[in-house]
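The structure appears right after this line, and notes come after that.
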Amino acid sequence: MECNCSKYDPEKIRCRIDNILKNETESSDLHYAKVCVLFVRIHNGDWEDNWRSSVFSRVYECFITECLNVISANKWCLNVYVASACVWGVYDGDTVEKRDSVVKTAAEVMKIVEFLNESFEAKGYSKVLMGLGIEYGEGLMVNSNYSSCIDDNIVWGGGNTRKAFKLCCLAGKDNFLPVAVGESFYKELSKDMKKLFNVNYCGKDRKIYCATLELLTKTE
């Protein structure tokens, strides 16, 4: 994303802040919606430690490019972002069909990673280890209204975004399978999709459901 920020101007900053804060009614630039959030992340510590190498740059480019293509191809995708070794997408989630489609997108991401690893191994590179996390719930969409700085000024926040990121960091590590979804997302899936997941962790106040989604990619 190209940065084309205007020159730092304290007076303009104060003016923008005052305009936002003086509006005591709910801002038209704030929207709440039931959305699904999907995060996928590279876990390989050795890749991250050698980020200056030309090999890492090629692996990173392949991973980011292909994950962006798959995640954004879902017709219910609202926005897609890249943050360090993560690619994440936000999806309309107000129907079972839409929520199930996010699981299918996750399965496609897993298939892409499989293809990537086959190509990396053929070149003598290490495999990419990754985790994918999904959560569902009410998300807050903020329109920054500062398009002079960024191309896409839509920002999503909320508990589901934070939880999806935490799930992707757990997935694929220790005893967790590579795809981890939160209880809120799992409960809102169709019966057929629920069959793909098993409880991988049952804590005091939450459950985490995990899967490989291999069965789904074989039947698609």
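Simple scheme: letters A, B, ... for chains in structure tokens order, numbers from 1 for residues in each chain, numbers from 1 for ligands in the order shown.
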Need the shell around Asn200 in chain A: protein/DNA/RNA residues with any atom at most 7 Å away, counting only C-alpha atoms. Skip same-chain ones fewer than 2 positions apart. Format as number ranges by chain?
A: 176, 198, 202, 208-210
Just to be explicit: take each residue in the selection above, keep all heavy atoms, and write the result as a PDB file, in the first residue's frame.
ATOM      1  N   PHE A 176      -2.546 -28.563  19.012  1.00  0.00           N
ATOM      2  CA  PHE A 176      -3.631 -27.988  18.225  1.00  0.00           C
ATOM      3  C   PHE A 176      -3.470 -28.331  16.743  1.00  0.00           C
ATOM      4  O   PHE A 176      -2.365 -28.249  16.189  1.00  0.00           O
ATOM      5  CB  PHE A 176      -3.675 -26.469  18.388  1.00  0.00           C
ATOM      6  CG  PHE A 176      -4.181 -26.013  19.727  1.00  0.00           C
ATOM      7  CD1 PHE A 176      -3.297 -25.761  20.771  1.00  0.00           C
ATOM      8  CD2 PHE A 176      -5.542 -25.854  19.952  1.00  0.00           C
ATOM      9  CE1 PHE A 176      -3.762 -25.351  22.003  1.00  0.00           C
ATOM     10  CE2 PHE A 176      -6.009 -25.442  21.188  1.00  0.00           C
ATOM     11  CZ  PHE A 176      -5.120 -25.185  22.221  1.00  0.00           C
ATOM     12  N   ASN A 198     -13.533 -31.001  16.005  1.00  0.00           N
ATOM     13  CA  ASN A 198     -13.549 -31.655  17.309  1.00  0.00           C
ATOM     14  C   ASN A 198     -13.077 -30.659  18.359  1.00  0.00           C
ATOM     15  O   ASN A 198     -12.280 -29.757  18.065  1.00  0.00           O
ATOM     16  CB  ASN A 198     -12.610 -32.869  17.332  1.00  0.00           C
ATOM     17  CG  ASN A 198     -13.100 -33.982  16.437  1.00  0.00           C
ATOM     18  OD1 ASN A 198     -14.235 -34.427  16.552  1.00  0.00           O
ATOM     19  ND2 ASN A 198     -12.250 -34.425  15.517  1.00  0.00           N
ATOM     20  N   CYS A 202     -10.894 -27.360  26.154  1.00  0.00           N
ATOM     21  CA  CYS A 202     -12.094 -26.966  26.894  1.00  0.00           C
ATOM     22  C   CYS A 202     -11.642 -26.309  28.187  1.00  0.00           C
ATOM     23  O   CYS A 202     -11.254 -26.997  29.138  1.00  0.00           O
ATOM     24  CB  CYS A 202     -12.977 -28.186  27.174  1.00  0.00           C
ATOM     25  SG  CYS A 202     -14.581 -27.772  27.894  1.00  0.00           S
ATOM     26  N   ILE A 208     -12.398 -24.488  22.244  1.00  0.00           N
ATOM     27  CA  ILE A 208     -11.765 -24.274  20.954  1.00  0.00           C
ATOM     28  C   ILE A 208     -11.941 -25.535  20.124  1.00  0.00           C
ATOM     29  O   ILE A 208     -11.649 -26.643  20.592  1.00  0.00           O
ATOM     30  CB  ILE A 208     -10.260 -23.959  21.109  1.00  0.00           C
ATOM     31  CG1 ILE A 208     -10.075 -22.650  21.872  1.00  0.00           C
ATOM     32  CG2 ILE A 208      -9.590 -23.865  19.737  1.00  0.00           C
ATOM     33  CD1 ILE A 208      -8.620 -22.328  22.179  1.00  0.00           C
ATOM     34  N   TYR A 209     -12.447 -25.358  18.917  1.00  0.00           N
ATOM     35  CA  TYR A 209     -12.694 -26.484  18.024  1.00  0.00           C
ATOM     36  C   TYR A 209     -11.660 -26.462  16.910  1.00  0.00           C
ATOM     37  O   TYR A 209     -11.385 -25.402  16.322  1.00  0.00           O
ATOM     38  CB  TYR A 209     -14.094 -26.403  17.432  1.00  0.00           C
ATOM     39  CG  TYR A 209     -15.198 -26.483  18.471  1.00  0.00           C
ATOM     40  CD1 TYR A 209     -15.570 -25.356  19.201  1.00  0.00           C
ATOM     41  CD2 TYR A 209     -15.848 -27.675  18.734  1.00  0.00           C
ATOM     42  CE1 TYR A 209     -16.565 -25.425  20.165  1.00  0.00           C
ATOM     43  CE2 TYR A 209     -16.850 -27.760  19.695  1.00  0.00           C
ATOM     44  CZ  TYR A 209     -17.207 -26.634  20.400  1.00  0.00           C
ATOM     45  OH  TYR A 209     -18.189 -26.697  21.349  1.00  0.00           O
ATOM     46  N   CYS A 210     -11.075 -27.628  16.632  1.00  0.00           N
ATOM     47  CA  CYS A 210      -9.997 -27.680  15.642  1.00  0.00           C
ATOM     48  C   CYS A 210     -10.260 -28.731  14.563  1.00  0.00           C
ATOM     49  O   CYS A 210     -11.038 -29.661  14.750  1.00  0.00           O
ATOM     50  CB  CYS A 210      -8.667 -27.979  16.328  1.00  0.00           C
ATOM     51  SG  CYS A 210      -8.077 -26.631  17.371  1.00  0.00           S
TER      52      CYS A 210
END
Which residues of range 123-212 of chain A have any atom within 6 Å of an atom in range 31-37 of chain A when counting only C-alpha atoms, and what is the closest pair of atoms for each, with the distance in Å to one decimal? Order the rows by chain and rising number and write it as JSON lines.
{"residue": "A:Ile134", "atom": "CA", "partner": "A:Val37", "partner_atom": "CA", "distance": 5.5}
{"residue": "A:Glu135", "atom": "CA", "partner": "A:Val37", "partner_atom": "CA", "distance": 5.5}
{"residue": "A:Tyr136", "atom": "CA", "partner": "A:Cys36", "partner_atom": "CA", "distance": 4.4}
{"residue": "A:Gly137", "atom": "CA", "partner": "A:Lys34", "partner_atom": "CA", "distance": 5.3}
{"residue": "A:Glu138", "atom": "CA", "partner": "A:Lys34", "partner_atom": "CA", "distance": 4.4}
{"residue": "A:Gly139", "atom": "CA", "partner": "A:Ala33", "partner_atom": "CA", "distance": 5.4}
{"residue": "A:Leu140", "atom": "CA", "partner": "A:Tyr32", "partner_atom": "CA", "distance": 4.8}
{"residue": "A:Met141", "atom": "CA", "partner": "A:His31", "partner_atom": "CA", "distance": 5.0}
{"residue": "A:Thr161", "atom": "CA", "partner": "A:Val37", "partner_atom": "CA", "distance": 5.9}
From the DSSP assignment of the backbone, select every residue of chain A that is strand (DSSP E or B), and format the answer as a PyMOL selection string.
chain A and resi 30-42+77-83+86-92+130-143+154-157+179-182+198-202+207-211
Rounded to one decimal place, report the CA of Ala180 in chain A-CA of Val142 in chain A distance in Å.
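Rounded to one decimal, the two atoms are 26.7 Å apart.
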Measuring atom to atom with only C-alpha atoms, identify which of A:Arg162, A:Lys75, A:His43, A:Lys111 is nearest to Lys98 in chain A.
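Result for the nearest residue to Lys98 in chain A: A:Lys75.
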Atomic distance CA of Met193 in chain A - CA of Met110 in chain A, expressed in Å with one decimal:
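Distance reported for this atom pair: 16.0 Å.
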Within 9 Å of Asp100 in chain A using only C-alpha atoms, minus same-chain residues under 6 positions, as an mmCIF file with all heavy atoms, in the first residue's frame:
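around.cif was written with the following content:
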data_model
loop_
_atom_site.group_PDB
_atom_site.id
_atom_site.type_symbol
_atom_site.label_atom_id
_atom_site.label_comp_id
_atom_site.auth_asym_id
_atom_site.auth_seq_id
_atom_site.Cartn_x
_atom_site.Cartn_y
_atom_site.Cartn_z
ATOM 1 N N GLU A 188 -22.652 -21.462 15.262
ATOM 2 C CA GLU A 188 -23.463 -20.875 14.197
ATOM 3 C C GLU A 188 -23.249 -21.553 12.842
ATOM 4 O O GLU A 188 -23.744 -21.073 11.825
ATOM 5 C CB GLU A 188 -23.158 -19.383 14.070
ATOM 6 C CG GLU A 188 -23.450 -18.565 15.315
ATOM 7 C CD GLU A 188 -24.921 -18.591 15.702
ATOM 8 O OE1 GLU A 188 -25.768 -18.726 14.797
ATOM 9 O OE2 GLU A 188 -25.226 -18.496 16.907
ATOM 10 N N LEU A 189 -22.527 -22.673 12.816
ATOM 11 C CA LEU A 189 -22.319 -23.407 11.572
ATOM 12 C C LEU A 189 -23.440 -24.413 11.336
ATOM 13 O O LEU A 189 -24.184 -24.767 12.253
ATOM 14 C CB LEU A 189 -20.984 -24.156 11.621
ATOM 15 C CG LEU A 189 -19.706 -23.319 11.652
ATOM 16 C CD1 LEU A 189 -18.496 -24.222 11.859
ATOM 17 C CD2 LEU A 189 -19.560 -22.500 10.377
ATOM 18 N N SER A 190 -23.543 -24.900 10.107
ATOM 19 C CA SER A 190 -24.503 -25.959 9.792
ATOM 20 C C SER A 190 -24.036 -27.262 10.436
ATOM 21 O O SER A 190 -22.874 -27.410 10.822
ATOM 22 C CB SER A 190 -24.607 -26.148 8.279
ATOM 23 O OG SER A 190 -23.386 -26.652 7.759
ATOM 24 N N MET A 193 -21.026 -28.871 8.657
ATOM 25 C CA MET A 193 -19.743 -28.232 8.919
ATOM 26 C C MET A 193 -19.244 -28.536 10.333
ATOM 27 O O MET A 193 -18.048 -28.716 10.559
ATOM 28 C CB MET A 193 -19.840 -26.721 8.709
ATOM 29 C CG MET A 193 -19.891 -26.300 7.261
ATOM 30 S SD MET A 193 -18.388 -26.775 6.378
ATOM 31 C CE MET A 193 -18.829 -26.253 4.720
#
Let's see if you can do this: from backbone DSSP, list all helix (DSSP H, G or I) residues in range 48-164 of chain A, as a PDB file with N, CA and C atoms, in the first residue's frame.
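The file below, result.pdb, is the result:
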ATOM      1  N   GLU A  48      11.259 -16.190  10.239  1.00  0.00           N
ATOM      2  CA  GLU A  48      11.200 -14.829  10.775  1.00  0.00           C
ATOM      3  C   GLU A  48      12.582 -14.336  11.211  1.00  0.00           C
ATOM      4  N   ASP A  49      13.431 -15.262  11.705  1.00  0.00           N
ATOM      5  CA  ASP A  49      14.771 -14.869  12.134  1.00  0.00           C
ATOM      6  C   ASP A  49      15.674 -14.521  10.960  1.00  0.00           C
ATOM      7  N   SER A  54      17.097 -13.617   0.800  1.00  0.00           N
ATOM      8  CA  SER A  54      16.307 -13.593  -0.432  1.00  0.00           C
ATOM      9  C   SER A  54      15.310 -14.742  -0.463  1.00  0.00           C
ATOM     10  N   VAL A  55      15.670 -15.867   0.183  1.00  0.00           N
ATOM     11  CA  VAL A  55      14.753 -17.012   0.235  1.00  0.00           C
ATOM     12  C   VAL A  55      13.497 -16.635   1.016  1.00  0.00           C
ATOM     13  N   PHE A  56      13.698 -16.004   2.177  1.00  0.00           N
ATOM     14  CA  PHE A  56      12.535 -15.600   2.973  1.00  0.00           C
ATOM     15  C   PHE A  56      11.633 -14.658   2.185  1.00  0.00           C
ATOM     16  N   SER A  57      12.215 -13.712   1.474  1.00  0.00           N
ATOM     17  CA  SER A  57      11.402 -12.742   0.729  1.00  0.00           C
ATOM     18  C   SER A  57      10.548 -13.435  -0.328  1.00  0.00           C
ATOM     19  N   ARG A  58      11.092 -14.468  -0.971  1.00  0.00           N
ATOM     20  CA  ARG A  58      10.319 -15.192  -1.986  1.00  0.00           C
ATOM     21  C   ARG A  58       9.219 -16.032  -1.351  1.00  0.00           C
ATOM     22  N   VAL A  59       9.563 -16.695  -0.230  1.00  0.00           N
ATOM     23  CA  VAL A  59       8.563 -17.495   0.491  1.00  0.00           C
ATOM     24  C   VAL A  59       7.441 -16.598   1.004  1.00  0.00           C
ATOM     25  N   TYR A  60       7.822 -15.480   1.598  1.00  0.00           N
ATOM     26  CA  TYR A  60       6.855 -14.530   2.150  1.00  0.00           C
ATOM     27  C   TYR A  60       5.940 -13.994   1.055  1.00  0.00           C
ATOM     28  N   GLU A  61       6.529 -13.657  -0.094  1.00  0.00           N
ATOM     29  CA  GLU A  61       5.735 -13.136  -1.210  1.00  0.00           C
ATOM     30  C   GLU A  61       4.730 -14.172  -1.693  1.00  0.00           C
ATOM     31  N   CYS A  62       5.174 -15.419  -1.830  1.00  0.00           N
ATOM     32  CA  CYS A  62       4.271 -16.489  -2.268  1.00  0.00           C
ATOM     33  C   CYS A  62       3.122 -16.681  -1.282  1.00  0.00           C
ATOM     34  N   PHE A  63       3.473 -16.750   0.003  1.00  0.00           N
ATOM     35  CA  PHE A  63       2.469 -16.983   1.042  1.00  0.00           C
ATOM     36  C   PHE A  63       1.444 -15.855   1.076  1.00  0.00           C
ATOM     37  N   ILE A  64       1.919 -14.625   1.139  1.00  0.00           N
ATOM     38  CA  ILE A  64       1.024 -13.471   1.242  1.00  0.00           C
ATOM     39  C   ILE A  64       0.148 -13.358  -0.006  1.00  0.00           C
ATOM     40  N   THR A  65       0.764 -13.460  -1.187  1.00  0.00           N
ATOM     41  CA  THR A  65       0.027 -13.286  -2.439  1.00  0.00           C
ATOM     42  C   THR A  65      -1.075 -14.319  -2.589  1.00  0.00           C
ATOM     43  N   GLU A  66      -0.729 -15.591  -2.371  1.00  0.00           N
ATOM     44  CA  GLU A  66      -1.714 -16.649  -2.583  1.00  0.00           C
ATOM     45  C   GLU A  66      -2.806 -16.638  -1.515  1.00  0.00           C
ATOM     46  N   CYS A  67      -2.442 -16.344  -0.279  1.00  0.00           N
ATOM     47  CA  CYS A  67      -3.462 -16.258   0.779  1.00  0.00           C
ATOM     48  C   CYS A  67      -4.407 -15.088   0.531  1.00  0.00           C
ATOM     49  N   LEU A  68      -3.862 -13.964   0.083  1.00  0.00           N
ATOM     50  CA  LEU A  68      -4.723 -12.826  -0.259  1.00  0.00           C
ATOM     51  C   LEU A  68      -5.711 -13.193  -1.355  1.00  0.00           C
ATOM     52  N   ASN A  69      -5.227 -13.895  -2.370  1.00  0.00           N
ATOM     53  CA  ASN A  69      -6.099 -14.290  -3.487  1.00  0.00           C
ATOM     54  C   ASN A  69      -7.246 -15.177  -3.019  1.00  0.00           C
ATOM     55  N   VAL A  70      -6.933 -16.158  -2.174  1.00  0.00           N
ATOM     56  CA  VAL A  70      -7.951 -17.102  -1.713  1.00  0.00           C
ATOM     57  C   VAL A  70      -8.925 -16.436  -0.753  1.00  0.00           C
ATOM     58  N   ILE A  71      -8.388 -15.706   0.216  1.00  0.00           N
ATOM     59  CA  ILE A  71      -9.231 -15.093   1.248  1.00  0.00           C
ATOM     60  C   ILE A  71     -10.191 -14.065   0.648  1.00  0.00           C
ATOM     61  N   SER A  72      -9.723 -13.315  -0.340  1.00  0.00           N
ATOM     62  CA  SER A  72     -10.574 -12.280  -0.943  1.00  0.00           C
ATOM     63  C   SER A  72     -11.511 -12.825  -2.009  1.00  0.00           C
ATOM     64  N   ALA A  73     -11.315 -14.080  -2.443  1.00  0.00           N
ATOM     65  CA  ALA A  73     -12.150 -14.651  -3.514  1.00  0.00           C
ATOM     66  C   ALA A  73     -13.557 -14.994  -3.029  1.00  0.00           C
ATOM     67  N   VAL A  96     -26.235 -18.793   7.809  1.00  0.00           N
ATOM     68  CA  VAL A  96     -25.459 -20.030   7.921  1.00  0.00           C
ATOM     69  C   VAL A  96     -24.651 -20.258   6.648  1.00  0.00           C
ATOM     70  N   GLU A  97     -25.252 -19.976   5.500  1.00  0.00           N
ATOM     71  CA  GLU A  97     -24.557 -20.152   4.222  1.00  0.00           C
ATOM     72  C   GLU A  97     -23.253 -19.349   4.193  1.00  0.00           C
ATOM     73  N   LYS A  98     -23.306 -18.110   4.648  1.00  0.00           N
ATOM     74  CA  LYS A  98     -22.126 -17.251   4.632  1.00  0.00           C
ATOM     75  C   LYS A  98     -21.070 -17.754   5.615  1.00  0.00           C
ATOM     76  N   ARG A  99     -21.509 -18.191   6.795  1.00  0.00           N
ATOM     77  CA  ARG A  99     -20.558 -18.691   7.781  1.00  0.00           C
ATOM     78  C   ARG A  99     -19.911 -19.986   7.297  1.00  0.00           C
ATOM     79  N   ASP A 100     -20.701 -20.871   6.689  1.00  0.00           N
ATOM     80  CA  ASP A 100     -20.137 -22.108   6.135  1.00  0.00           C
ATOM     81  C   ASP A 100     -19.112 -21.817   5.039  1.00  0.00           C
ATOM     82  N   SER A 101     -19.367 -20.750   4.284  1.00  0.00           N
ATOM     83  CA  SER A 101     -18.454 -20.417   3.188  1.00  0.00           C
ATOM     84  C   SER A 101     -17.070 -20.031   3.711  1.00  0.00           C
ATOM     85  N   VAL A 102     -17.009 -19.501   4.938  1.00  0.00           N
ATOM     86  CA  VAL A 102     -15.718 -19.129   5.524  1.00  0.00           C
ATOM     87  C   VAL A 102     -14.904 -20.390   5.848  1.00  0.00           C
ATOM     88  N   VAL A 103     -15.587 -21.445   6.255  1.00  0.00           N
ATOM     89  CA  VAL A 103     -14.898 -22.725   6.485  1.00  0.00           C
ATOM     90  C   VAL A 103     -14.336 -23.248   5.164  1.00  0.00           C
ATOM     91  N   LYS A 104     -15.106 -23.118   4.092  1.00  0.00           N
ATOM     92  CA  LYS A 104     -14.628 -23.550   2.780  1.00  0.00           C
ATOM     93  C   LYS A 104     -13.420 -22.727   2.343  1.00  0.00           C
ATOM     94  N   THR A 105     -13.444 -21.432   2.651  1.00  0.00           N
ATOM     95  CA  THR A 105     -12.285 -20.583   2.345  1.00  0.00           C
ATOM     96  C   THR A 105     -11.072 -21.042   3.142  1.00  0.00           C
ATOM     97  N   ALA A 106     -11.287 -21.390   4.415  1.00  0.00           N
ATOM     98  CA  ALA A 106     -10.185 -21.893   5.241  1.00  0.00           C
ATOM     99  C   ALA A 106      -9.596 -23.165   4.643  1.00  0.00           C
ATOM    100  N   ALA A 107     -10.462 -24.054   4.148  1.00  0.00           N
ATOM    101  CA  ALA A 107      -9.996 -25.291   3.520  1.00  0.00           C
ATOM    102  C   ALA A 107      -9.170 -24.992   2.269  1.00  0.00           C
ATOM    103  N   GLU A 108      -9.576 -23.977   1.520  1.00  0.00           N
ATOM    104  CA  GLU A 108      -8.828 -23.583   0.319  1.00  0.00           C
ATOM    105  C   GLU A 108      -7.464 -23.009   0.687  1.00  0.00           C
ATOM    106  N   VAL A 109      -7.411 -22.267   1.794  1.00  0.00           N
ATOM    107  CA  VAL A 109      -6.128 -21.743   2.270  1.00  0.00           C
ATOM    108  C   VAL A 109      -5.199 -22.904   2.630  1.00  0.00           C
ATOM    109  N   MET A 110      -5.739 -23.916   3.315  1.00  0.00           N
ATOM    110  CA  MET A 110      -4.930 -25.074   3.690  1.00  0.00           C
ATOM    111  C   MET A 110      -4.388 -25.787   2.454  1.00  0.00           C
ATOM    112  N   LYS A 111      -5.211 -25.858   1.424  1.00  0.00           N
ATOM    113  CA  LYS A 111      -4.779 -26.504   0.185  1.00  0.00           C
ATOM    114  C   LYS A 111      -3.666 -25.694  -0.482  1.00  0.00           C
ATOM    115  N   ILE A 112      -3.800 -24.378  -0.460  1.00  0.00           N
ATOM    116  CA  ILE A 112      -2.766 -23.507  -1.025  1.00  0.00           C
ATOM    117  C   ILE A 112      -1.442 -23.699  -0.291  1.00  0.00           C
ATOM    118  N   VAL A 113      -1.503 -23.784   1.034  1.00  0.00           N
ATOM    119  CA  VAL A 113      -0.286 -23.979   1.826  1.00  0.00           C
ATOM    120  C   VAL A 113       0.360 -25.318   1.472  1.00  0.00           C
ATOM    121  N   GLU A 114      -0.474 -26.329   1.237  1.00  0.00           N
ATOM    122  CA  GLU A 114       0.046 -27.636   0.807  1.00  0.00           C
ATOM    123  C   GLU A 114       0.791 -27.507  -0.524  1.00  0.00           C
ATOM    124  N   PHE A 115       0.197 -26.784  -1.481  1.00  0.00           N
ATOM    125  CA  PHE A 115       0.847 -26.554  -2.774  1.00  0.00           C
ATOM    126  C   PHE A 115       2.166 -25.794  -2.602  1.00  0.00           C
ATOM    127  N   LEU A 116       2.124 -24.765  -1.755  1.00  0.00           N
ATOM    128  CA  LEU A 116       3.325 -23.969  -1.514  1.00  0.00           C
ATOM    129  C   LEU A 116       4.450 -24.826  -0.950  1.00  0.00           C
ATOM    130  N   ASN A 117       4.110 -25.679   0.026  1.00  0.00           N
ATOM    131  CA  ASN A 117       5.133 -26.505   0.651  1.00  0.00           C
ATOM    132  C   ASN A 117       5.728 -27.516  -0.323  1.00  0.00           C
ATOM    133  N   GLU A 118       4.916 -28.024  -1.229  1.00  0.00           N
ATOM    134  CA  GLU A 118       5.431 -28.919  -2.259  1.00  0.00           C
ATOM    135  C   GLU A 118       6.458 -28.195  -3.128  1.00  0.00           C
ATOM    136  N   SER A 119       6.141 -26.954  -3.472  1.00  0.00           N
ATOM    137  CA  SER A 119       7.062 -26.150  -4.289  1.00  0.00           C
ATOM    138  C   SER A 119       8.321 -25.785  -3.509  1.00  0.00           C
ATOM    139  N   PHE A 120       8.163 -25.447  -2.218  1.00  0.00           N
ATOM    140  CA  PHE A 120       9.311 -25.072  -1.398  1.00  0.00           C
ATOM    141  C   PHE A 120      10.260 -26.260  -1.216  1.00  0.00           C
ATOM    142  N   GLU A 121       9.675 -27.444  -0.945  1.00  0.00           N
ATOM    143  CA  GLU A 121      10.506 -28.636  -0.753  1.00  0.00           C
ATOM    144  C   GLU A 121      11.284 -28.984  -2.019  1.00  0.00           C
ATOM    145  N   ALA A 122      10.634 -28.782  -3.159  1.00  0.00           N
ATOM    146  CA  ALA A 122      11.310 -29.056  -4.431  1.00  0.00           C
ATOM    147  C   ALA A 122      12.516 -28.143  -4.626  1.00  0.00           C
ATOM    148  N   GLY A 159     -14.121  -7.836  19.756  1.00  0.00           N
ATOM    149  CA  GLY A 159     -13.639  -9.046  20.403  1.00  0.00           C
ATOM    150  C   GLY A 159     -13.403 -10.196  19.451  1.00  0.00           C
ATOM    151  N   ASN A 160     -14.221 -10.296  18.409  1.00  0.00           N
ATOM    152  CA  ASN A 160     -14.041 -11.419  17.479  1.00  0.00           C
ATOM    153  C   ASN A 160     -12.725 -11.303  16.705  1.00  0.00           C
ATOM    154  N   THR A 161     -12.306 -10.086  16.384  1.00  0.00           N
ATOM    155  CA  THR A 161     -11.027  -9.881  15.702  1.00  0.00           C
ATOM    156  C   THR A 161      -9.873 -10.298  16.607  1.00  0.00           C
ATOM    157  N   ARG A 162      -9.927  -9.876  17.843  1.00  0.00           N
ATOM    158  CA  ARG A 162      -8.871 -10.234  18.804  1.00  0.00           C
ATOM    159  C   ARG A 162      -8.823 -11.741  19.024  1.00  0.00           C
ATOM    160  N   LYS A 163      -9.986 -12.366  19.154  1.00  0.00           N
ATOM    161  CA  LYS A 163     -10.031 -13.813  19.404  1.00  0.00           C
ATOM    162  C   LYS A 163      -9.561 -14.610  18.192  1.00  0.00           C
ATOM    163  N   ALA A 164      -9.930 -14.166  16.988  1.00  0.00           N
ATOM    164  CA  ALA A 164      -9.494 -14.869  15.777  1.00  0.00           C
ATOM    165  C   ALA A 164      -7.973 -14.845  15.664  1.00  0.00           C
TER     166      ALA A 164
END
Contacts of Cys77 in chain A at 7 Å (only C-alpha atoms; same-chain gap of 3+ positions) as a PyMOL selection string:
chain A and resi 72+74+89-92
For Val40 in chain A: contacts at 7 Å, only C-alpha atoms, fewer than 5 positions along chain excluded, given as a list in words
Cys86, Val87, Trp88, Met130, Gly131, Leu132, Gly133 and Cys168 of chain A
Grab the CA of Val179 in chain A to CA of Tyr125 in chain A distance for me, in Å with one decimal place.
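Answer for the CA of Val179 in chain A to CA of Tyr125 in chain A separation: 23.3 Å.
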